[in-house]
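Data first, discussion second: the structure below is written as structure tokens.
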Amino acid sequence: MNEDILIAGFGGQGVLSMGKILAYAGMMQGKEVCWMPSYGPEMRGGTANVTVIVGDNKINSPILQEFDTVIILNQQSLNKFEQSVKPGGKLFYDSNGLTTLPTRKDINIYHIPATKTSVELGNTKVFNIMVLGGLLKIVPIIDIQFIEKGLYKSLPERSHKLIPLNLEAFKQGEAIVEVIQEL
Amino acid sequence: MNEDILIAGFGGQGVLSMGKILAYAGMMQGKEVCWMPSYGPEMRGGTANVTVIVGDNKINSPILQEFDTVIILNQQSLNKFEQSVKPGGKLFYDSNGLTTLPTRKDINIYHIPATKTSVELGNTKVFNIMVLGGLLKIVPIIDIQFIEKGLYKSLPERSHKLIPLNLEAFKQGEAIVEVIQEL
Amino acid sequence: MGEDIQLMKGNEAIAEAAIRFGVDAYFGYPITPQSEIIEYLAYEDPYNKRTGMVVIQAESEIAAINMVYGAAACGKKAMTSSSSPGISLKQEAISYMVGAELPGLIVNVVRGGPGLGTIQPSQADYFQSVKGGGHGDYNMIVLAPSTVQEQYDHVGLGFELAFKYRNPVMILSDGAIGQMMEKVTLTPQLPRENKILDWATTGKTPDRERNYITSLYLDPEVQENHNIKLQAKFQRMKDTEVRYEEIMTDDAEYIIVAYGISARISQTVITMARKNGIKLGLLRPITLFPFPSKRLFELSDSLKGILCVEMSAGQMIEDVELAVRCKIPVYHYGRMGGGVTSSTEVFEKFVSLFLK
Amino acid sequence: MGEDIQLMKGNEAIAEAAIRFGVDAYFGYPITPQSEIIEYLAYEDPYNKRTGMVVIQAESEIAAINMVYGAAACGKKAMTSSSSPGISLKQEAISYMVGAELPGLIVNVVRGGPGLGTIQPSQADYFQSVKGGGHGDYNMIVLAPSTVQEQYDHVGLGFELAFKYRNPVMILSDGAIGQMMEKVTLTPQLPRENKILDWATTGKTPDRERNYITSLYLDPEVQENHNIKLQAKFQRMKDTEVRYEEIMTDDAEYIIVAYGISARISQTVITMARKNGIKLGLLRPITLFPFPSKRLFELSDSLKGILCVEMSAGQMIEDVELAVRCKIPVYHYGRMGGGVTSSTEVFEKFVSLFLK
Amino acid sequence: MSDIETYKKELLAQGAKKIFTKTKNLTDTPFSYCGGCGHGVVHRLIMEVVEELNITHDTIGIAPVGCTAIAYEFMNIDMQQAAHGRAPALATGIKRTMPDKYVFTYQGDGDLAAIGTGETIHACNRGENIAIFFVNNGIYGMTGGQMAPTTLPGMVSSTSPYGRNMDTHGYPLSLTELVAKLPGTYYVTRQSVHTPANVRKCKKAIQTAFENQKLNKGLSFVEIVSNCNSGWKMTPVESNKWMEENMFRSYPLGDIKLPQ
Amino acid sequence: MSDIETYKKELLAQGAKKIFTKTKNLTDTPFSYCGGCGHGVVHRLIMEVVEELNITHDTIGIAPVGCTAIAYEFMNIDMQQAAHGRAPALATGIKRTMPDKYVFTYQGDGDLAAIGTGETIHACNRGENIAIFFVNNGIYGMTGGQMAPTTLPGMVSSTSPYGRNMDTHGYPLSLTELVAKLPGTYYVTRQSVHTPANVRKCKKAIQTAFENQKLNKGLSFVEIVSNCNSGWKMTPVESNKWMEENMFRSYPLGDIKLPQ
Amino acid sequence: MAKARGFVEFNTEACKGCELCVKACPFDVLDMNHLVNGKGYHFSYMKNYDQCTGCASCAMVCPDVVITVYKVK
Amino acid sequence: MAKARGFVEFNTEACKGCELCVKACPFDVLDMNHLVNGKGYHFSYMKNYDQCTGCASCAMVCPDVVITVYKVK
Ligand SMILES: Cc1ncc(C[n+]2csc(CCOP(=O)(O)OP(=O)(O)O)c2C)c(N)n1
Ligand SMILES: Cc1ncc(C[n+]2csc(CCOP(=O)(O)OP(=O)(O)O)c2C)c(N)n1
Ligand code: SF4
Ligand code: SF4
Ligand code: SF4
Ligand code: SF4
Ligand code: SF4
Ligand code: SF4
Ligand SMILES: [Mg+2]
Ligand SMILES: [Mg+2]
């Protein structure tokens with residue numbers, strides 16, 4: 001089975017790189033992967049989103065309307081993509097960016113307070129990976145060892161020293177994810 | 001009936017303008033006319049030719065392979081176009097430019113010694129119109145009065161004073177044309 | 001006679017028409033076999049001596065078509081002309097003009113290609129003109145004159161259609177028609193209009209919102225709506241602007257489909273055929289886009305076959321085949337070298353294809 | 001694993017392929033959504049760090065394609081890339097390259113038009129690529145990758161074909177495939193060849209006549225013979241280079257014909273249809289010129305209908321209709337705004353057209 | 001009431017007047033440019049001058065291809081969007097057919113000095129009676145920071161990631177100095193908008209450009225050296241500093257050709 | 001035997017040597033140019049220099065669009081025919097991929113200074129290590145004598161039948177002086193071929209251009225002011241006189257930029 | 001000469017937090033707020049409001065025309 | 001110094017009658033023939049052949065490379 005994932009937030013939140021880490025890790029684990037970003041000048045300050053498909057089957061269309069899993073990191077994205085979760089699918093959010101909360105009753109909803117936690121840790125740069133930790137805790141499509149390999153593959157050499165810190169944050173993410181609603 | 005005419009010689013011999021005078025005159029006489037030149041840099045020093053169609057019917061193709069009447073003013077043109085005269089058609093030539101003479105037996109052949117005559121008259125500029133005089137003597141498709149009108153129409157104002165001289169030359173042309181072979 | 005009849009080259013007819021139809025501006029760059037257009041205009045000097053029409057020799061074909069864009073966006077009647085390689089250079093701007101919904105006239109006096117090719121006549125730019133040599137989904141009305149008179153008339157018609165649809169119009173001529181002289185009945189001088197059009201950029205007066213001319217729609221949805229609007233416009237053209245001429249199609253068992261200079265040659269072929277008792281007719285598309293597909297489809301019921309005569313390797317033939325839904329045999333005959341085919345050649349080809 | 005597998009953007013795959021296939025030179029000008037190609041090459045700096053491949057950012061798309069012309073005429077593997085408006089600017093030079101029989105690779109990562117349009121993906125440059133956006137009768141092989149792997153592979157294939165036929169080859173990609181990342185199996189580094197080709201301008205050695213590269217044939221007869229030769233070459237391409245992929249066409253009652261990103265979307269549609277017991281298959285042209293007309297004609301005998309899915313107003317559909325000789329219903333579905341259509345949309349369209 | 005509100009009220013009572021606010025010649029649409037980008041200031045100055053000269057109803061502007069392709073969203077006047085590099089050709093088409101209008105192009109360095117070189121040189125050489133406002137930020141902003149003809153030696157961009165190398169990438173190109181040599185240009189100047197004083201000077205130059213046009217003097221060419229903090233990968237404040245220290249050395253501010 | 005034959009025989013007996021004959025680097029095809037046209041001389045000089053420098057086997061020339069589009073018919077070396085104005089781009093493509101070859105473009109004024117302005121400026125600015133031979137005859141010869149950017153004020157052409165009017169047609173454009181300002185050009189000179197002395201000087205300049213290329217010095221730009229007697233509608237002799245009296249005033253002969 | 005007095009108003013939602021006005025103010029009036037606006041930018045505000053002379057330097061350099069200036073003449 | 005002596009030969013069929021060589025000869029050696037060649041051009045010939053110094057001035061300016069020059073050294 002393939003997992004169709006959407007990550008959506010502000011351009012500055014590292015949405016695209018979050019997707020890249022997932023895709024790299026999936027690849028290291030020998031899976032089929034596809035990463036499809038939104039692009040162009042609208043991203044300047046505006047919303048960015050990326051589709052990541054990870055799975056065992058050949059990937060057909062990279063352009064999806066509905067997703068198994070959606071990660072929401074700001075209000076605009078919630079407005080735009082709450083309806084894109086497949087019935088029975090999963091929605092993750094970080095409440096920090098939100099003024100309203102998801103309301104659908106037919107999906108599973110999880111909260112990852114990654115902004116808050118990373119600020120508390122004094123390192124907002126690990127926000128990304130923390131979100132992934134929360135995600136993969138619930139949707140265990142990729143092993144942490146491959147996340148590590150993925151990081152080595154996707155980050156430039158000079159950033160490799162930061163990887164242990166990132167793995168810490170990943171685990172933190174696994175720890176902080178809360179179930180809001182499970183079907 | 002339409003008369004399909006080809007005039008062929010050196011670019012410098014005024015081949016294109018000869019055709020223009022014919023076409024203008026035909027137009028003044030209320031006929032259908034079409035003038036189709038060869039063009040382009042080959043004309044630089046090389047051979048030039050022009051098709052003129054004058055007649056009473058709507059003119060279809062301006063691109064002809066065979067002609068009722070062909071006027072030949074240099075050797076290359078003789079080589080190239082002697083075969084383009086329709087059987088029973090007419091070929092006019094000025095022997096001055098020629099090293100060989102037309103040989104076909106199935107066409108009418110006329111000689112207009114216009115170069116020689118115009119040199120003798122001391123005015124080589126009227127060579128053109130002299131040829132036309134010879135032509136129209138044999139192929140009376142246009143009246144001299146319309147040739148006159150055509151000249152007025154086709155020549156720039158400043159050259160109008162030369163028209164009487166040209167009409168003289170036209171008549172001279174009528175006078176000098178010789179029958180070489182008539183079927 | 002009363003009428004103002006002149007003997008003119010096809011290229012000169014376009015230039016004189018531009019002045020007489022009150023065109024506001026011509027922008028061009030020399031190229032054989034159409035330089036007579038700008039030369040005639042330079043000689044007539046309409047800016048100073050006739051209508052005030054602007055005539056500029058631009059630094060390139062690209063500059064010329066973009067000058068057309070600028071003037072057209074002010075609601076002016078602006079035109080350019082060139083020949084094949086120069087027209088290729090204009091493709092980006094033509095696509096922009098359609099995108100920005102700008103009227104304007106582009107004349108292509110086609111010569112033989114590809115590449116620098118030859119300066120002799122050709123009809124091998126059909127696809128470029130009709131299918132869209134530029135990028136994106138677009139169309140423009142393509143007029144195909146076959147007489148010097150039509151060269152003249154199509155300038156007027158071209159601008160009428162360009163402004164009716166706010167879309168560029170192309171006159172697809174060729175070196176033969178551009179260079180030949182025929183009688184032209186000239187129409188009376190029309191004034192340049194100096195109309196202020198409500199969409200044009202003529203300076204934002206206090207009584208209206210600003211006008212802007214653009215083909216940029218970053219939002220895909222807005223872009224799509226724009227394209228839907230454009231497509232509806234192209235459909236309107238198809239519904240209303242098809243023009244063609246038929247010769248002896250009433251009783252025809254076969255027809256030739258040919259435009260421009262090839263149609264002239266084919267007329268003679270029809271005459272030859274009829275003399276030989278062959279029921280051959282001619283359908284001459286005057287608009288290549290929109291193509292007279294409906295009429296061809298109607299005719300195809302009673303036809304045994306169609307010969308497309310084009311001075312190309314066979315381009316229009318695709319539109320003919322689609323028009324008749326491949327119901328009857330459709331063949332191509334043409335030449336590809338700038339040399340123009342003769343009526344006899346075409347006739348022989350016709351006989352060998354259909355009657356042997 | 002042994003194999004060298006990387007996760008790459010479609011655009012990056014093209015750039016990496018250029019280096020690995022031993023391409024001699026890339027000349028380009030930035031434009032979204034394909035600037036990653038030149039950026040990747042600039043970062044890799046193959047001239048200094050890998051193969052000696054030349055990478056130049058030209059002053060314009062026109063300069064870039066003419067640099068390709070110059071290098072190609074020396075027998076070098078040279079390429080350029082751009083997106084729709086930039087490709088329109090290259091039309092004159094593409095026609096020249098065909099006329100002068102020069103190999104070379106042109107990548108078009110298509111965006112929405114007409115005009116400046118949108119930077120989002122589109123497939124509306126089909127006609128321009130396949131029918132000839134430049135002047136004159138010409139064709140080039142047009143490759144339509146639908147995966148990042150194919151983006152990579154087609155660079156190698158493209159040059160192979162370009163040199164086989166001495167004709168430019170186009171890769172017609174789109175913003176979606178250019179921007180997305182997938183796994184790519186990289187092939188081993190090939191050396192740049194530095195072969196001296198007998199037709200190329202590499203300096204006239206005493207043992208041979210001079211070589212010259214030209215598309216100019218002033219004499220119509222010579223031009224015609226040249227065109228006849230070119231047409232024979234295009235026919236050879238049609239005879240030998242057709243490439244396509246079929247998915248579940250064996251028992252299909254209907255098929256979708258789609259290329260590039262639309263084919264990807266359509267694959268999902270096939271899955272949906274099969275789940276619903278509908279016998280739908282897919283024919284994906286890999287070469288758009290030459291078009292898999294013969295195969296479509298064969299298939300059409302057992303089909304009830306065809307849906308063409310293109311992100312355009314309907315361009316390839318003409319080739320599909322001609323291929324099946326209008327024997328069966330052929331419909332178009334597509335989007336025109338840069339927004340990519342969804343599989344569900346296509347499926348619903350299919351059902352409403354054929355099954356209701 | 002907060003202290004500041006009290007303060008304002010007090011000053012208003014003392015007769016404080018609004019001495020600066022957004023010109024009506026700018027629309028309500030917020031600029032889509034990056035924070036700190038000089039394009040916004042230049043937009044404002046042009047629109048203020050047009051307002052002050054009272055030529056709003058007679059001015060036609062041309063947006064290029066570049067970050068400011070959508071300048072027509074912001075400038076509340078009649079505008080045209082040009083193909084990349086062709087704005088001077090559009091301007092020629094407009095000015096020749098509408099000689100009483102004020103016509104200006106707004107162009108970036110990629111647009112004007114790379115793909116548009118021919119159009120720039122020839123419009124200048126013809127002495128078209130227009131104004132060219134040329135915003136030189138040494139980079140292709142819109143497409144993501146590629147090298148421009150104006151990129152400085154050693155400067156990093158996405159297509160010169162190891163710095164512009166003059167041997168292979170060529171030299172920084174200043175068309176401004178070149179067009180100043182052409183008899184068709186009447187007024188050529190180089191300005192910036194990174195300090196209040198420079199902004200005021202630049203506004204004066206823009207005003208002169210329009211005034212020249214009224215007098216039918218030929219082409220006025222105003223280069224504005226500006227930052228592209230996104231492309232340069234700096235904060236706006238850093239980028240202005242970098243600009244002063246680096247850009248102005250290659251592109252010194254000041255008048256290059258003055259009306260005689 | 002005629003007197004002259006006797007005379008020749010006598011001189012041969014005295015040891016007369018052939019001191020000048022047609023270079024082998026020209027083909028046997030006679031030039032298709034008009035009688036008296038300077039293109040022929042320039043062709044010959046380039047081919048002689050290539051022969052004398054012994055670089056025939058390493059030289060690649062580029063023919064433009066213009067009267068000399070078919071220069072490859074005459075020059076007995078490897079050549080490419082370029083699209084109108086694009087020769088410097090071709091040259092870049094060649095030189096960058098074949099850095100050991102000698103590359104030159106041969107271009108007319110329409111080709112180089114009108115449609116090709118961008119390519120000219122940028123090849124010069126990049127300092128491409130090539131030679132540009134620029135034959136300026138003030139007109140578009142090939143297409144029948146239309147106005148060029150270089151056409152002189154008041155000069156009659158088929159598109160300026162009442163003389164070039166600077167108000168509407170713009171000013172004569174000298175790209176030569178402009179490219180001399182660019183750091184990428186190494187050697188810029190203006191020559192003519194209308195007298196034996198000028199021919200000899202011109203040949204020296206052409207030679208310098210090739211020698212610079214050997215030294216990898218950047219771009220050499222040799223303008224040759226020439227006649228187009230057909231376009232000017234004069235005899236060759238008249239046209240050379242007219243050229244001296246008129247063209248040289250706007251385009252003064254001499255070196256413009258010399259290697260430092 | 002007594003120092004002129006003035007104040008400025010911000011279209012806070014239009015501010016992109018570029019800080020150019022802060023650097024441009026000759027009287028150190030302005031600073032960036034620790035709060036963010038709807039677009040997520042820290043915005044400029046009058047920290048030392050009573051030092052403002054209404055010189056408009058801030059408004060001159062503001063790329064987003066955020067600032068309106070009032071001055072006592 | 002005794003005047004150098006020389007002579008020239010013409011590829012007469014290539015001559016286009018431009019007269020540039022005639023004007024260029026410092027010793028008035030050349031003139032145009034009243035006869036025409038195969039292309040119809042009057043062609044250059046050595047009228048005062050014994051004045052020729054073999055200076056090659058004529059050959060320098062001949063656009064059609066018609067002239068070969070011989071000289072006694
Ligand atoms: C024909 C064409 N080529 C390329 C592009 C892509 N493009 C858009 S903007 C741009 C460069 C913009 O740089 P500049 O002119 O300096 O403006 P800035 O964004 O820096 O203000 C380019 C290359 C295009 N839209 N059209
Ligand atoms: C794109 C394009 N535009 C125009 C032409 C037509 N054309 C051929 S030569 C020429 C001008 C030649 O003038 P110049 O460069 O001065 O060379 P000359 O003939 O004077 O030596 C033009 C405009 C063309 N072939 N291609
Ligand atoms: S990318 Fe650069 S030029 Fe464009 S808006 Fe941002 S800072 Fe300004
Ligand atoms: S037209 Fe002019 S440039 Fe061309 S060959 Fe004749 S004289 Fe020379
Ligand atoms: S008006 Fe002057 S003093 Fe007041 S905040 Fe602005 S810059 Fe500072
Ligand atoms: S200059 Fe303008 S946008 Fe920048 S921080 Fe100040 S008020 Fe905000
Ligand atoms: S070689 Fe000298 S002297 Fe002899 S004919 Fe020629 S120019 Fe005259
Ligand atoms: S210069 Fe040459 S072509 Fe001219 S007349 Fe003398 S020999 Fe003949
Ligand atoms: Mg820029
Ligand atoms: Mg010239």
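Letters A, B, ... mark the chains of the structure tokens in the order given; residue numbers begin at 1 per chain; ligand numbers begin at 1, in order shown.
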
Just the helix (DSSP H, G or I) stuff from segment 3-174 of chain E, please, per backbone DSSP, written as an NGL selection string.
-> :E and (3-13 or 39-52 or 56-58 or 67-73 or 87-97 or 109-115 or 117-126 or 166-169)

Requested in this report: Residues within 8 Å of ligand 1, counting only C-alpha atoms and all ligand atoms: report them as an NGL selection string.
Outcome: (:C and (92)) or (:D and (29-32 or 60-61 or 82-83 or 85-87 or 89 or 116)) or (:E and (39 or 64-69 or 83-85 or 107-113 or 115 or 135-143 or 145 or 148 or 228))

Separating atom CA of Leu280 of chain D from atom CA of Leu299 of chain D, to the nearest tenth of an Å, is a gap of 12.6 Å

Q | Residues within 12 Å of Cys34 of chain E, only C-alpha atoms, excluding chain neighbours under 3 positions, as a VMD selection string | A | (chain A and resid 41 to 46) or (chain E and resid 30 to 31 37 to 40 67 to 68 141 to 142 227 to 231 233 to 236) or (chain G and resid 14 to 18 41 63 to 64)

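For Ser262 of chain D, the set of protein, DNA and RNA residues having any atom at most 8 Å away, when counting only C-alpha atoms and skipping those fewer than 4 positions along the same chain, is Ala258, Ser266, Val309, Glu310 and Met311 of chain D.
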
Separating atom CA of Val184 of chain C from atom CA of Met8 of chain C, to the nearest tenth of an Å, is a gap of 6.7 Å

Item to check | Residue hits in chain D, query chain E, radius 6 Å, only C-alpha atoms, as number ranges by chain | outcome: D: 39, 42-43, 59-60

Starting from chain D, keep only residues with some atom at most 6 Å from an atom of chain C, counting only C-alpha atoms, and report them as a PyMOL selection string. chain D and resi 84-85+88-89+91-92+95-96+99+113-118+124-125+128+133-137+215-218+220+223-224+325-326+336-339

Written selection (N, CA, C and O atoms) as a short mmCIF file (atom, residue, chain, number, x, y, z; two decimals), in the first residue's frame:
data_model
loop_
_atom_site.label_atom_id
_atom_site.label_comp_id
_atom_site.auth_asym_id
_atom_site.auth_seq_id
_atom_site.Cartn_x
_atom_site.Cartn_y
_atom_site.Cartn_z
N SER D 84 8.10 27.43 -22.00
CA SER D 84 7.30 27.88 -23.14
C SER D 84 7.65 29.22 -23.81
O SER D 84 7.97 29.22 -25.00
N PRO D 85 7.62 30.37 -23.11
CA PRO D 85 7.91 31.61 -23.85
C PRO D 85 9.33 31.59 -24.41
O PRO D 85 9.56 32.05 -25.53
N SER D 88 9.45 29.55 -27.56
CA SER D 88 8.92 30.28 -28.72
C SER D 88 10.02 31.12 -29.37
O SER D 88 10.08 31.23 -30.59
N LEU D 89 10.86 31.70 -28.54
CA LEU D 89 11.94 32.52 -29.08
C LEU D 89 12.97 31.70 -29.86
O LEU D 89 13.72 32.24 -30.66
N GLN D 91 12.31 29.35 -32.01
CA GLN D 91 11.74 28.68 -33.19
C GLN D 91 12.54 28.93 -34.46
O GLN D 91 12.70 28.04 -35.29
N GLU D 92 13.01 30.15 -34.65
CA GLU D 92 13.79 30.40 -35.86
C GLU D 92 15.01 29.48 -35.90
O GLU D 92 15.28 28.82 -36.91
N SER D 95 14.33 25.80 -36.62
CA SER D 95 14.14 25.59 -38.06
C SER D 95 15.49 25.60 -38.78
O SER D 95 15.74 24.78 -39.67
N TYR D 96 16.37 26.49 -38.37
CA TYR D 96 17.72 26.52 -38.95
C TYR D 96 18.47 25.21 -38.69
O TYR D 96 19.17 24.70 -39.56
N GLY D 99 17.21 22.62 -40.93
CA GLY D 99 17.65 22.92 -42.28
C GLY D 99 19.12 22.60 -42.49
O GLY D 99 19.52 22.11 -43.54
N GLY D 113 0.27 28.85 -20.87
CA GLY D 113 0.23 30.04 -21.70
C GLY D 113 -1.19 30.33 -22.07
O GLY D 113 -2.10 29.80 -21.43
N PRO D 114 -1.43 31.14 -23.07
CA PRO D 114 -0.44 31.84 -23.90
C PRO D 114 0.17 33.05 -23.19
O PRO D 114 -0.29 33.41 -22.11
N GLY D 115 1.19 33.62 -23.81
CA GLY D 115 1.82 34.81 -23.26
C GLY D 115 2.67 34.47 -22.04
O GLY D 115 3.21 33.38 -21.93
N LEU D 116 2.74 35.42 -21.13
CA LEU D 116 3.53 35.18 -19.92
C LEU D 116 2.85 34.12 -19.07
O LEU D 116 3.51 33.33 -18.41
N GLY D 117 1.52 34.10 -19.12
CA GLY D 117 0.75 32.99 -18.57
C GLY D 117 0.99 32.73 -17.10
O GLY D 117 0.97 33.64 -16.28
N THR D 118 1.27 31.49 -16.80
CA THR D 118 1.50 31.09 -15.42
C THR D 118 2.72 30.17 -15.42
O THR D 118 3.05 29.59 -16.44
N ALA D 124 0.43 22.54 -23.32
CA ALA D 124 -0.17 23.24 -24.46
C ALA D 124 0.84 23.60 -25.54
O ALA D 124 0.52 24.35 -26.45
N ASP D 125 2.05 23.06 -25.45
CA ASP D 125 3.02 23.33 -26.52
C ASP D 125 3.19 22.13 -27.46
O ASP D 125 4.19 22.02 -28.18
N GLN D 128 3.23 23.19 -31.18
CA GLN D 128 4.49 23.87 -31.48
C GLN D 128 5.63 22.87 -31.66
O GLN D 128 6.44 23.01 -32.58
N GLY D 133 6.76 24.77 -34.83
CA GLY D 133 6.47 26.16 -34.49
C GLY D 133 7.28 27.13 -35.32
O GLY D 133 6.94 28.28 -35.46
N GLY D 134 8.36 26.63 -35.88
CA GLY D 134 9.17 27.47 -36.76
C GLY D 134 8.65 27.39 -38.19
O GLY D 134 7.62 26.78 -38.46
N HIS D 135 9.39 28.01 -39.10
CA HIS D 135 8.94 28.10 -40.49
C HIS D 135 9.47 26.93 -41.31
O HIS D 135 10.52 26.37 -41.01
N GLY D 136 8.72 26.63 -42.35
CA GLY D 136 9.16 25.60 -43.28
C GLY D 136 8.69 24.21 -42.85
O GLY D 136 8.19 24.01 -41.75
N ASP D 137 8.85 23.27 -43.78
CA ASP D 137 8.48 21.89 -43.51
C ASP D 137 9.57 21.25 -42.69
O ASP D 137 10.69 21.06 -43.18
N SER D 215 21.82 26.25 -44.14
CA SER D 215 20.44 25.91 -44.50
C SER D 215 19.98 26.77 -45.67
O SER D 215 18.80 26.86 -45.95
N LEU D 216 20.94 27.42 -46.30
CA LEU D 216 20.62 28.37 -47.38
C LEU D 216 20.77 27.69 -48.73
O LEU D 216 21.83 27.16 -49.05
N TYR D 217 19.72 27.68 -49.51
CA TYR D 217 19.75 27.10 -50.84
C TYR D 217 19.00 28.03 -51.77
O TYR D 217 17.78 27.91 -51.93
N LEU D 218 19.72 28.97 -52.34
CA LEU D 218 19.02 30.01 -53.11
C LEU D 218 18.31 29.42 -54.31
O LEU D 218 17.23 29.88 -54.69
N PRO D 220 15.91 27.22 -56.16
CA PRO D 220 14.73 26.46 -55.72
C PRO D 220 14.87 24.96 -55.94
O PRO D 220 14.39 24.16 -55.14
N GLN D 223 17.04 23.61 -53.26
CA GLN D 223 16.25 23.64 -52.03
C GLN D 223 15.26 22.48 -52.02
O GLN D 223 15.05 21.82 -51.01
N GLU D 224 14.64 22.24 -53.14
CA GLU D 224 13.64 21.17 -53.18
C GLU D 224 14.30 19.81 -52.93
O GLU D 224 13.78 19.00 -52.17
N ARG D 325 -8.26 7.18 -38.04
CA ARG D 325 -9.04 7.52 -39.24
C ARG D 325 -10.50 7.80 -38.87
O ARG D 325 -11.43 7.43 -39.58
N CYS D 326 -10.70 8.45 -37.73
CA CYS D 326 -12.04 8.87 -37.30
C CYS D 326 -13.03 7.71 -37.21
O CYS D 326 -14.24 7.92 -37.33
N MET D 336 -6.57 23.85 -18.66
CA MET D 336 -5.77 24.81 -19.42
C MET D 336 -5.18 25.90 -18.58
O MET D 336 -4.80 26.93 -19.10
N GLY D 337 -5.10 25.67 -17.29
CA GLY D 337 -4.69 26.80 -16.47
C GLY D 337 -3.38 26.63 -15.77
O GLY D 337 -3.00 27.46 -14.97
N GLY D 338 -2.67 25.57 -16.02
CA GLY D 338 -1.49 25.35 -15.21
C GLY D 338 -1.84 24.48 -14.02
O GLY D 338 -1.01 23.82 -13.43
N GLY D 339 -3.12 24.45 -13.67
CA GLY D 339 -3.55 23.54 -12.62
C GLY D 339 -3.64 22.16 -13.23
O GLY D 339 -4.12 22.00 -14.35
#

Inset, instruction - Using DSSP on the backbone coordinates, identify all residues within chain B classified as strand (DSSP E or B); present the result as number ranges by chain. - result: B: 2-10, 32-37, 47-55, 67-72, 85-93, 108-111, 178-181

note - atom CA of Ile37 of chain D and atom CA of Val109 of chain D are separated by 10.3 Å

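Here is the contact set of chain A against chain D, at 8 Å and counting only C-alpha atoms: A:Ala23, A:Tyr24, A:Met27, A:Glu32, A:Val33, A:Cys34, A:Trp35, A:Met36, A:Pro37, A:Tyr39, A:Gly40, A:Asn60, A:Ser61, A:Pro62, A:Ile63, A:Leu64, A:Gln65.
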
For Ser44 of chain G, find every residue with an atom within 6 Å (counting only C-alpha atoms), except residues of its own chain fewer than 6 positions away, and show them as an NGL selection string. :G and (31-33)

Store the residues of this selection in a file with C-alpha atoms, as a PDB file, in the first residue's frame.
ATOM      1  CA  ASP G  31      11.954  49.810  16.825  1.00  0.00           C
ATOM      2  CA  MET G  32      10.588  46.419  15.873  1.00  0.00           C
ATOM      3  CA  ASN G  33       7.740  45.091  17.936  1.00  0.00           C
TER       4      ASN G  33
END

Contact set, chain F to chain H: 7 Å, only C-alpha atoms, as a PyMOL selection string:
chain F and resi 4+8+11+14-22+30-31+35-38+40-41+193-196+199+236-237

For this session: Return as a PyMOL selection string the residues belonging to chain E that are within 7 Å of chain F, counting only C-alpha atoms.
Result: chain E and resi 117-118+125-127+169-171+173+178+183-184
